[in-house]
Structures are given as structure tokens and as C-alpha cells.
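Raw input_16.txt, compact mmCIF, C-alpha atoms and all ligand atoms:
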# COMPACT_ATOMS: atom_id res chain seq x y z
CA MET D 1 0.00 0.00 0.00
CA THR D 2 1.46 3.35 -0.99
CA GLY D 3 -1.30 5.52 0.38
CA VAL D 4 -1.52 7.27 -3.00
CA PRO D 5 -5.17 7.53 -4.03
CA VAL D 6 -5.88 5.57 -7.19
CA GLU D 7 -7.91 7.55 -9.70
CA LYS D 8 -11.04 5.55 -10.46
CA LYS D 9 -12.66 5.93 -13.84
CA PRO D 10 -16.46 5.83 -13.76
CA PRO D 11 -17.98 2.77 -15.41
CA SER D 12 -19.09 2.84 -19.05
CA GLY D 13 -22.73 3.41 -19.89
CA VAL D 14 -25.53 5.40 -18.25
CA GLN D 15 -24.18 7.49 -15.36
CA GLU D 16 -25.93 8.01 -12.05
CA ASP D 17 -25.82 11.82 -12.00
CA LEU D 18 -28.08 13.78 -14.31
CA VAL D 19 -26.48 16.82 -15.97
CA PRO D 20 -29.41 18.80 -17.46
CA GLU D 21 -27.17 21.92 -17.48
CA ARG D 22 -25.05 20.22 -20.17
CA VAL D 23 -27.93 19.93 -22.63
CA VAL D 24 -27.57 22.46 -25.45
CA ASP D 25 -30.65 23.99 -27.13
CA GLY D 26 -32.98 21.40 -25.58
CA LEU D 27 -31.64 18.66 -27.87
CA PRO D 28 -29.69 15.47 -27.17
CA THR D 29 -26.12 16.75 -26.99
CA MET D 30 -22.93 15.09 -28.03
CA TYR D 31 -19.55 16.15 -26.68
CA CYS D 32 -17.04 15.15 -29.34
CA PHE D 33 -13.90 15.83 -31.35
CA GLU D 34 -14.58 16.54 -35.01
CA THR D 35 -12.42 13.63 -36.17
CA CYS D 36 -12.90 11.15 -33.30
CA PRO D 37 -13.64 7.62 -34.60
CA PHE D 38 -15.82 6.76 -31.60
CA CYS D 39 -17.87 9.93 -32.11
CA PHE D 40 -18.51 9.02 -35.76
CA LYS D 41 -20.20 5.80 -34.63
CA VAL D 42 -22.77 7.85 -32.73
CA LYS D 43 -23.13 10.46 -35.50
CA ALA D 44 -23.88 7.63 -37.96
CA LEU D 45 -26.61 6.13 -35.78
CA LEU D 46 -28.20 9.52 -35.03
CA GLY D 47 -28.07 10.32 -38.74
CA SER D 48 -29.68 7.07 -39.81
CA ARG D 49 -32.53 7.58 -37.33
CA GLY D 50 -33.00 11.22 -38.26
CA ILE D 51 -32.45 12.34 -34.65
CA GLU D 52 -31.61 16.02 -34.35
CA TYR D 53 -28.83 16.79 -31.86
CA SER D 54 -26.47 19.49 -30.62
CA LYS D 55 -22.73 19.10 -30.86
CA VAL D 56 -20.13 20.54 -28.51
CA GLU D 57 -16.66 20.48 -30.03
CA VAL D 58 -14.10 19.62 -27.34
CA ASP D 59 -10.48 20.73 -27.66
CA PRO D 60 -8.48 17.53 -28.04
CA THR D 61 -5.42 18.50 -25.96
CA PHE D 62 -6.94 19.95 -22.79
CA LYS D 63 -10.58 18.83 -23.16
CA THR D 64 -11.66 22.16 -21.68
CA GLN D 65 -15.34 21.72 -22.62
CA LEU D 66 -15.47 18.35 -20.84
CA LYS D 67 -13.97 19.34 -17.48
CA TRP D 68 -17.34 18.63 -15.83
CA SER D 69 -17.17 14.92 -16.68
CA ASP D 70 -15.13 12.37 -14.71
CA TRP D 71 -15.04 10.14 -17.79
CA GLY D 72 -12.61 12.49 -19.51
CA MET D 73 -13.04 11.05 -23.01
CA VAL D 74 -15.28 11.73 -25.97
CA PRO D 75 -17.93 10.92 -26.96
CA VAL D 76 -20.19 11.73 -24.03
CA PHE D 77 -23.86 11.74 -24.92
CA VAL D 78 -26.29 13.82 -22.86
CA ASP D 79 -29.97 13.12 -23.43
CA VAL D 80 -32.61 15.85 -23.21
CA ASP D 81 -33.43 14.96 -19.58
CA GLY D 82 -29.74 15.23 -18.62
CA THR D 83 -29.01 11.48 -18.65
CA GLN D 84 -25.30 11.15 -19.51
CA VAL D 85 -23.99 8.10 -21.29
CA THR D 86 -20.31 7.31 -21.84
CA ASP D 87 -18.39 4.90 -24.10
CA SER D 88 -19.42 4.71 -27.74
CA ASN D 89 -20.76 1.15 -27.90
CA TYR D 90 -22.89 1.78 -24.82
CA ILE D 91 -24.12 5.02 -26.37
CA LEU D 92 -25.19 3.15 -29.53
CA HIS D 93 -27.20 0.70 -27.42
CA TYR D 94 -28.72 3.50 -25.35
CA ILE D 95 -29.87 5.45 -28.42
CA ASP D 96 -31.22 2.39 -30.23
CA SER D 97 -33.08 1.10 -27.17
CA ASN D 98 -34.83 4.47 -26.78
CA ASP D 99 -35.59 4.65 -30.49
CA SER D 100 -36.71 1.68 -32.60
CA GLY D 101 -34.85 -1.03 -30.65
CA SER D 102 -33.89 -2.53 -33.97
CA PHE D 103 -30.70 -4.29 -33.01
CA PRO D 104 -29.95 -6.79 -30.22
CA ARG D 105 -28.77 -5.51 -26.83
CA MET D 106 -25.31 -6.35 -25.44
CA GLY D 107 -25.12 -10.04 -24.54
CA GLU D 108 -27.98 -11.06 -26.85
CA ASP D 109 -26.03 -11.63 -30.06
CA PRO D 110 -22.44 -12.87 -29.71
CA GLU D 111 -21.58 -11.97 -33.31
CA GLN D 112 -22.73 -8.38 -32.94
CA ASP D 113 -20.87 -8.12 -29.62
CA ARG D 114 -17.75 -9.60 -31.19
CA TRP D 115 -17.66 -7.08 -34.04
CA MET D 116 -18.57 -4.15 -31.80
CA ASN D 117 -15.59 -5.07 -29.59
CA PHE D 118 -13.45 -5.46 -32.70
CA SER D 119 -14.22 -1.84 -33.61
CA ASN D 120 -12.59 -0.59 -30.40
CA LYS D 121 -9.95 -3.16 -29.66
CA ILE D 122 -8.62 -3.81 -33.16
CA LEU D 123 -9.92 -1.51 -35.89
CA GLY D 124 -9.68 1.72 -33.86
CA LYS D 125 -6.07 0.96 -32.99
CA SER D 126 -5.20 -0.18 -36.52
CA ILE D 127 -6.31 3.07 -38.12
CA VAL D 128 -4.42 5.18 -35.58
CA ALA D 129 -1.19 3.38 -36.51
CA VAL D 130 -1.78 4.29 -40.18
CA ILE D 131 -3.05 7.86 -39.80
CA TYR D 132 -0.31 8.91 -37.39
CA THR D 133 2.49 7.09 -39.16
CA SER D 134 4.76 10.17 -39.44
CA TYR D 135 4.85 13.76 -38.13
CA ARG D 136 3.62 14.97 -41.50
CA THR D 137 0.50 12.76 -41.51
CA SER D 138 -0.14 13.52 -37.82
CA LEU D 139 -0.13 17.29 -38.43
CA GLN D 140 -2.36 16.77 -41.45
CA ALA D 141 -4.86 14.89 -39.24
CA LEU D 142 -4.80 17.63 -36.59
CA ASP D 143 -5.10 20.50 -39.05
CA TYR D 144 -8.91 20.59 -38.61
CA VAL D 145 -8.46 22.26 -35.19
CA THR D 146 -7.29 25.44 -36.94
CA ARG D 147 -10.81 25.76 -38.39
CA VAL D 148 -12.90 25.15 -35.25
CA ASP D 149 -14.87 28.32 -34.44
CA ASN D 150 -15.10 27.92 -30.67
CA PHE D 151 -11.33 27.50 -30.18
CA SER D 152 -9.14 30.54 -29.56
CA PHE D 153 -6.15 31.30 -31.80
CA GLY D 154 -3.73 30.02 -29.13
CA SER D 155 -5.74 26.89 -28.55
CA ARG D 156 -5.75 26.14 -32.28
CA LEU D 157 -1.97 26.37 -32.47
CA ILE D 158 -1.33 24.30 -29.35
CA ASN D 159 -3.86 21.68 -30.37
CA LYS D 160 -2.37 21.31 -33.80
CA TRP D 161 1.32 21.17 -32.88
CA LEU D 162 1.22 19.58 -29.43
CA GLY D 163 -1.67 17.35 -30.49
CA GLY D 164 0.23 16.31 -33.62
CA PHE D 165 3.27 15.39 -31.53
CA ILE D 166 1.23 13.45 -28.97
CA MET D 167 -0.69 11.57 -31.66
CA ARG D 168 2.53 10.63 -33.45
CA MET D 169 3.62 9.00 -30.16
CA VAL D 170 0.26 7.24 -29.85
CA GLY D 171 0.56 6.08 -33.48
CA LYS D 172 3.96 4.55 -32.70
CA SER D 173 2.66 2.69 -29.67
CA ARG D 174 -0.39 1.38 -31.58
CA ALA D 175 1.85 0.13 -34.39
CA LYS D 176 3.74 -1.98 -31.84
CA MET D 177 0.55 -3.84 -30.95
CA PHE D 178 0.42 -5.59 -34.30
CA GLU D 179 2.83 -7.94 -36.01
CA LEU D 180 2.37 -6.49 -39.50
CA PRO D 181 3.43 -2.96 -40.51
CA PRO D 182 0.55 -0.41 -40.23
CA ARG D 183 -0.75 -0.48 -43.84
CA GLU D 184 -0.51 -4.24 -44.21
CA ASN D 185 -2.14 -4.68 -40.81
CA LEU D 186 -5.10 -2.47 -41.76
CA GLN D 187 -5.54 -4.43 -44.99
CA TYR D 188 -5.47 -7.67 -42.99
CA GLN D 189 -7.97 -6.38 -40.41
CA LEU D 190 -10.37 -5.29 -43.17
CA ASP D 191 -10.13 -8.80 -44.64
CA GLU D 192 -11.02 -10.19 -41.20
CA MET D 193 -13.87 -7.74 -40.78
CA SER D 194 -15.32 -8.71 -44.17
CA LYS D 195 -16.04 -12.15 -42.76
CA GLY D 196 -18.64 -10.58 -40.46
CA ILE D 197 -20.50 -8.73 -43.23
CA GLU D 198 -23.32 -11.02 -44.26
CA GLY D 199 -25.32 -9.71 -47.16
CA ASP D 200 -25.36 -5.94 -47.20
CA PHE D 201 -24.45 -5.37 -43.56
CA PHE D 202 -23.25 -7.08 -40.37
CA GLY D 203 -26.94 -7.04 -39.53
CA GLU D 204 -27.67 -8.63 -42.95
CA GLU D 205 -30.45 -6.53 -44.52
CA GLU D 206 -30.31 -3.62 -42.04
CA PRO D 207 -27.34 -2.23 -40.13
CA ASN D 208 -26.89 -3.36 -36.53
CA GLY D 209 -24.59 -2.09 -33.78
CA ALA D 210 -21.54 -3.65 -35.44
CA ASP D 211 -22.20 -1.69 -38.64
CA TYR D 212 -22.39 1.68 -36.89
CA ALA D 213 -19.39 0.83 -34.70
CA ASN D 214 -17.04 -0.16 -37.53
CA PHE D 215 -18.30 2.39 -40.02
CA GLY D 216 -17.71 5.17 -37.48
CA ILE D 217 -14.13 4.09 -36.96
CA LEU D 218 -13.36 4.00 -40.69
CA ARG D 219 -15.29 7.21 -41.45
CA SER D 220 -12.92 9.11 -39.17
CA MET D 221 -10.01 8.38 -41.50
CA GLN D 222 -11.74 9.60 -44.66
CA GLY D 223 -9.44 12.12 -46.33
CA LEU D 224 -6.51 11.15 -44.14
CA ASN D 225 -3.43 9.00 -44.64
CA GLY D 226 -4.29 5.39 -45.52
CA PHE D 227 -7.95 5.83 -46.48
CA ASP D 228 -7.08 4.45 -49.94
CA ILE D 229 -6.87 1.02 -48.25
CA VAL D 230 -10.57 1.27 -47.34
CA GLU D 231 -11.56 2.66 -50.74
CA SER D 232 -9.86 -0.12 -52.63
CA HIS D 233 -11.02 -3.01 -50.44
CA GLN D 234 -13.17 -5.43 -52.39
CA VAL D 235 -15.84 -5.99 -49.73
CA VAL D 236 -15.42 -3.10 -47.33
CA SER D 237 -15.65 -0.33 -49.94
CA GLY D 238 -19.16 -1.40 -51.04
CA TRP D 239 -20.36 -1.79 -47.45
CA TYR D 240 -18.85 1.62 -46.59
CA GLY D 241 -20.85 3.27 -49.39
CA ARG D 242 -24.06 1.60 -48.18
CA MET D 243 -23.41 2.84 -44.65
CA GLN D 244 -22.84 6.38 -45.92
CA GLU D 245 -26.14 6.27 -47.73
CA HIS D 246 -27.96 4.75 -44.78
CA SER D 247 -26.62 7.20 -42.21
CA GLY D 248 -26.37 10.32 -44.36
CA VAL D 249 -22.82 10.68 -43.00
CA TYR D 250 -20.81 11.10 -46.19
N1 LIG D 301 -13.87 3.32 -25.30
C1 LIG D 301 -14.11 4.71 -25.61
C2 LIG D 301 -12.86 5.32 -26.22
C3 LIG D 301 -13.02 6.80 -26.46
C4 LIG D 301 -11.70 7.47 -26.77
O1 LIG D 301 -10.62 6.88 -26.70
N2 LIG D 301 -11.79 8.76 -27.14
C5 LIG D 301 -10.60 9.52 -27.40
C6 LIG D 301 -10.80 10.40 -28.63
S1 LIG D 301 -10.81 9.53 -30.13
C7 LIG D 301 -10.37 10.50 -26.27
O2 LIG D 301 -11.29 11.10 -25.76
N3 LIG D 301 -9.12 10.67 -25.89
C8 LIG D 301 -8.77 11.64 -24.94
C9 LIG D 301 -8.07 11.06 -23.75
O3 LIG D 301 -8.06 9.82 -23.60
O4 LIG D 301 -7.56 11.85 -22.96
C10 LIG D 301 -15.31 4.81 -26.56
O5 LIG D 301 -15.54 3.82 -27.28
O6 LIG D 301 -16.03 5.81 -26.53

Using C-alpha cells, write down the structure that the file contains.
Ligand SMILES: N[C@@H](CCC(=O)N[C@@H](CS)C(=O)NCC(=O)O)C(=O)O
Amino acid sequence: MTGVPVEKKPPSGVQEDLVPERVVDGLPTMYCFETCPFCFKVKALLGSRGIEYSKVEVDPTFKTQLKWSDWGMVPVFVDVDGTQVTDSNYILHYIDSNDSGSFPRMGEDPEQDRWMNFSNKILGKSIVAVIYTSYRTSLQALDYVTRVDNFSFGSRLINKWLGGFIMRMVGKSRAKMFELPPRENLQYQLDEMSKGIEGDFFGEEEPNGADYANFGILRSMQGLNGFDIVESHQVVSGWYGRMQEHSGVY
């Protein structure tokens, strides 16, 4: 025992405390980074259900707009009554269960669970290794912060340059998780993922949680280093186009 208090992260999912003061314009509100893969999962589901929502752009280095939350990561979803939900896969389930309930809940469909976990544990890490493969590609990925209206001039600069440096380090550590080099690994993971796409979607005729989860991850790399691997993949490229159409997130 060292006597040093261990910081405890709150559990994923619906949180005990309501935060109605964090609701913006009386709409469900999403705290996110513009390019965050996990946030794109939620944007895709909200889009496909036609649910209107407010967005609060959080600065990626200091997370100033999220200081109120013990979770400390994006996305955080705040429903109109102030219910806060953390962790993207849990958010997908929360939104679907309050909407049409059209896909199975966690624990009800092992295949859906497997591919939803894959989105976080494998695909999310694989894309980071490709996007942030050099300082040049890392700065390119962080360049969007220079165009975010609610960030000050100083915050834009720090977020781009410090953020670019930090993400290059993260990219290096993610690359070490896989045996193959980043591009080859992403290609391999997309081949693996294709095995779960039955018919048009993971959910066969209609998207399920695994579709939103994996589409969101890949959508975040559109326009960035390595997206050509997605575009040229025999199975994934067609599925990706169907998900864009379904969600309205192009
Ligand atoms: N398991 C979480 C992961 C979320 C996550 O890693 N978000 C990143 C942004 S892409 C973040 O907030 N990072 C900031 C930090 O960890 O300090 C989810 O699926 O929502």
C-alpha cells in the first residue's frame, strides 16, 4: 500500500448523476472531437434515425469543454433529460433502445458483440497506426483544429502542434501492438472484418450495432493517410458506401 489515491474511472454506460445543465438547445447533446472515430459511430446512428442533436466540439489536448465529466473522453452523450452516457458502444445501445430497438442488446447476439468489440480493440487501434504514421501525416490529421470556431487562436496552435506530436507517439505505440506494418495490418484487419459482413451489412439486410461501430471508426479516417486502403477493399468499400447512404454521413 502506498497511500496514493488511485484515480477511479467511472464505469461505461448510463451514469448516475443527471447533468441537465449540459444539454444544449434542448436537444440530445454530443460532446465530441470533429475527427474522433468513436464519435462518428454515434453520428452515424443519429443520422440514420433522423435524430436532431447538438454538438459541442471539445479541444483535443486539454478537453476544456469536458472538465465537468469524470469520464474524460469523448464521446459523451447527454440526453434531453440530462441522462449522460459514456463509451461509444454503450451510447449506440442506449440510443437504439430508446428509439426503434432494432438491433440486439449487449449479450444477446455474440456476433454483434464480437464485431462491436473489434471496432474498439482492433480496428480503432489499426487506423491510428496508419493515420499517425509520421509527423507529416499527424499534423495533417490535426489540421482541422485550426478551423474550429469555438477555439481561440492560441488553442488552435497548441492543439495542432502539441496534439500532432502526442498523436505521433500514440501512433507509434499502436503500431507496436500488431505484427504487421501499419498499412498491411489495416488491410489484414479489413479482410477479417469482411467475414462478419453477411449480405449488405453485419446485420444482414439492415445495419446493426456492429455496422455503426465499424463504419464510425473508418469514417474518421476519410481524407486522411491510408484511407485508400478502405476505398480499394473489395468488400469493405461497397459496405462503406451503403453505410454512408444509410446514415447520411458522407
Ligand atoms: N472506449 C471509448 C474510447 C473513447 C476514446 O478513446 N476517445 C478519445 C478520442 S478519439 C479521447 O477522448 N481521448 C482523450 C483522452 O483519452 O484523454 C469509446 O468507445 O467511446

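Close contacts of Gly171 of chain D, defined as residues with an atom at most 7 Å away when counting all atoms listed in the file, with chain neighbours fewer than 2 positions off set aside, comprise D:Val128, D:Ala129, D:Tyr132, D:Thr133, D:Met167, D:Arg168, D:Met169, D:Ser173, D:Arg174, D:Ala175.
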
- Using all atoms listed in the file, which of the listed residues (D:Arg22, D:Arg114, D:Lys125, D:Lys195) sits closest to ligand LIG 301 (chain D)?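 Of the candidates, the smallest distance to ligand LIG 301 (chain D) is held by D:Lys125.
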
- Task: Just the residues within 10 Å of Pro181 of chain D, please, counting only C-alpha atoms, with nothing from its chain fewer than 3 positions along; format it as number ranges by chain.
- Result: D: 126, 129-130, 175-176, 178, 184-186

- Query: Can I get the residues close to ligand LIG 301 (chain D) as a PyMOL selection string, where close means within 7 Å and we count all atoms listed in the file?
  - Reply: chain D and resi 33+36-38+60+72-75+86-89+120

Please produce a file of the residues just selected, as a PDB file, in the frame of the given file, where the atoms kept are C-alpha atoms.
ATOM      1  CA  PHE D  33     -13.900  15.830 -31.350  1.00  0.00           C
ATOM      2  CA  CYS D  36     -12.900  11.150 -33.300  1.00  0.00           C
ATOM      3  CA  PRO D  37     -13.640   7.620 -34.600  1.00  0.00           C
ATOM      4  CA  PHE D  38     -15.820   6.760 -31.600  1.00  0.00           C
ATOM      5  CA  PRO D  60      -8.480  17.530 -28.040  1.00  0.00           C
ATOM      6  CA  GLY D  72     -12.610  12.490 -19.510  1.00  0.00           C
ATOM      7  CA  MET D  73     -13.040  11.050 -23.010  1.00  0.00           C
ATOM      8  CA  VAL D  74     -15.280  11.730 -25.970  1.00  0.00           C
ATOM      9  CA  PRO D  75     -17.930  10.920 -26.960  1.00  0.00           C
ATOM     10  CA  THR D  86     -20.310   7.310 -21.840  1.00  0.00           C
ATOM     11  CA  ASP D  87     -18.390   4.900 -24.100  1.00  0.00           C
ATOM     12  CA  SER D  88     -19.420   4.710 -27.740  1.00  0.00           C
ATOM     13  CA  ASN D  89     -20.760   1.150 -27.900  1.00  0.00           C
ATOM     14  CA  ASN D 120     -12.590  -0.590 -30.400  1.00  0.00           C
TER      15      ASN D 120
END

- Message: If we count all atoms listed in the file and set the cut-off at 8 Å, which residues sit around segment 40-57 of chain D, ignoring sequence neighbours fewer than 2 positions away in its own chain? Please answer as a ChimeraX atom specification.
- Response: /D:24-25,27-38,59,65,88,91-92,95,148,150,212-217,219-220,246-249

- Skipping near chain neighbours, those fewer than 5 positions away, what residues fall within 7 Å of segment 223-235 of chain D using all atoms listed in the file, listed as a PyMOL selection string? chain D and resi 130-131+137+141+187+194

Kindly export the residues of the current selection with C-alpha atoms, as a compact mmCIF listing (two decimals), in the frame of the given file.
# COMPACT_ATOMS: atom_id res chain seq x y z
CA VAL D 130 -1.78 4.29 -40.18
CA ILE D 131 -3.05 7.86 -39.80
CA THR D 137 0.50 12.76 -41.51
CA ALA D 141 -4.86 14.89 -39.24
CA GLN D 187 -5.54 -4.43 -44.99
CA SER D 194 -15.32 -8.71 -44.17

- Message: I'd like to know which of D:Val78, D:Met193, D:Ser138, D:Met221 is closest to Val170 of chain D, using only C-alpha atoms.
- Response: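 Result for the nearest residue to Val170 of chain D: D:Ser138.
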
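Here atom CA of Met106 of chain D and atom CA of Phe202 of chain D stand 15.1 Å from one another.
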
- Restricting the calculation to all atoms listed in the file, which member of D:Leu66, D:Arg136, D:Ile122, D:Asn208 is positioned closest to Met177 of chain D?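 For Met177 of chain D, the nearest of the candidates is D:Ile122.
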
- Of D:Asp17, D:Asp211, D:Asp79, D:Glu179, the one sitting nearest Ser119 of chain D when using all atoms listed in the file is D:Asp211

- Grab the atom CA of Asn159 of chain D to atom CA of Asp70 of chain D distance for me, in Å with one decimal place.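 So the two atoms, atom CA of Asn159 of chain D and atom CA of Asp70 of chain D, lie 21.4 Å apart.
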
- Which one is closest to Val236 of chain D: D:Asp191, D:Pro207, D:Gln222, D:Pro104? Count all atoms listed in the file.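 Selected residue with least distance to Val236 of chain D: D:Asp191.
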
- Query: In Å to one decimal, how far is atom CA of Trp71 of chain D from atom CA of Ser152 of chain D?
  - Reply: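 Between atom CA of Ser152 of chain D and atom CA of Trp71 of chain D the gap is 24.3 Å.
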
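Nearest residue to Leu139 of chain D among D:Thr61, D:Glu205, D:Leu162, D:Asn98 is D:Leu162, counting only C-alpha atoms.
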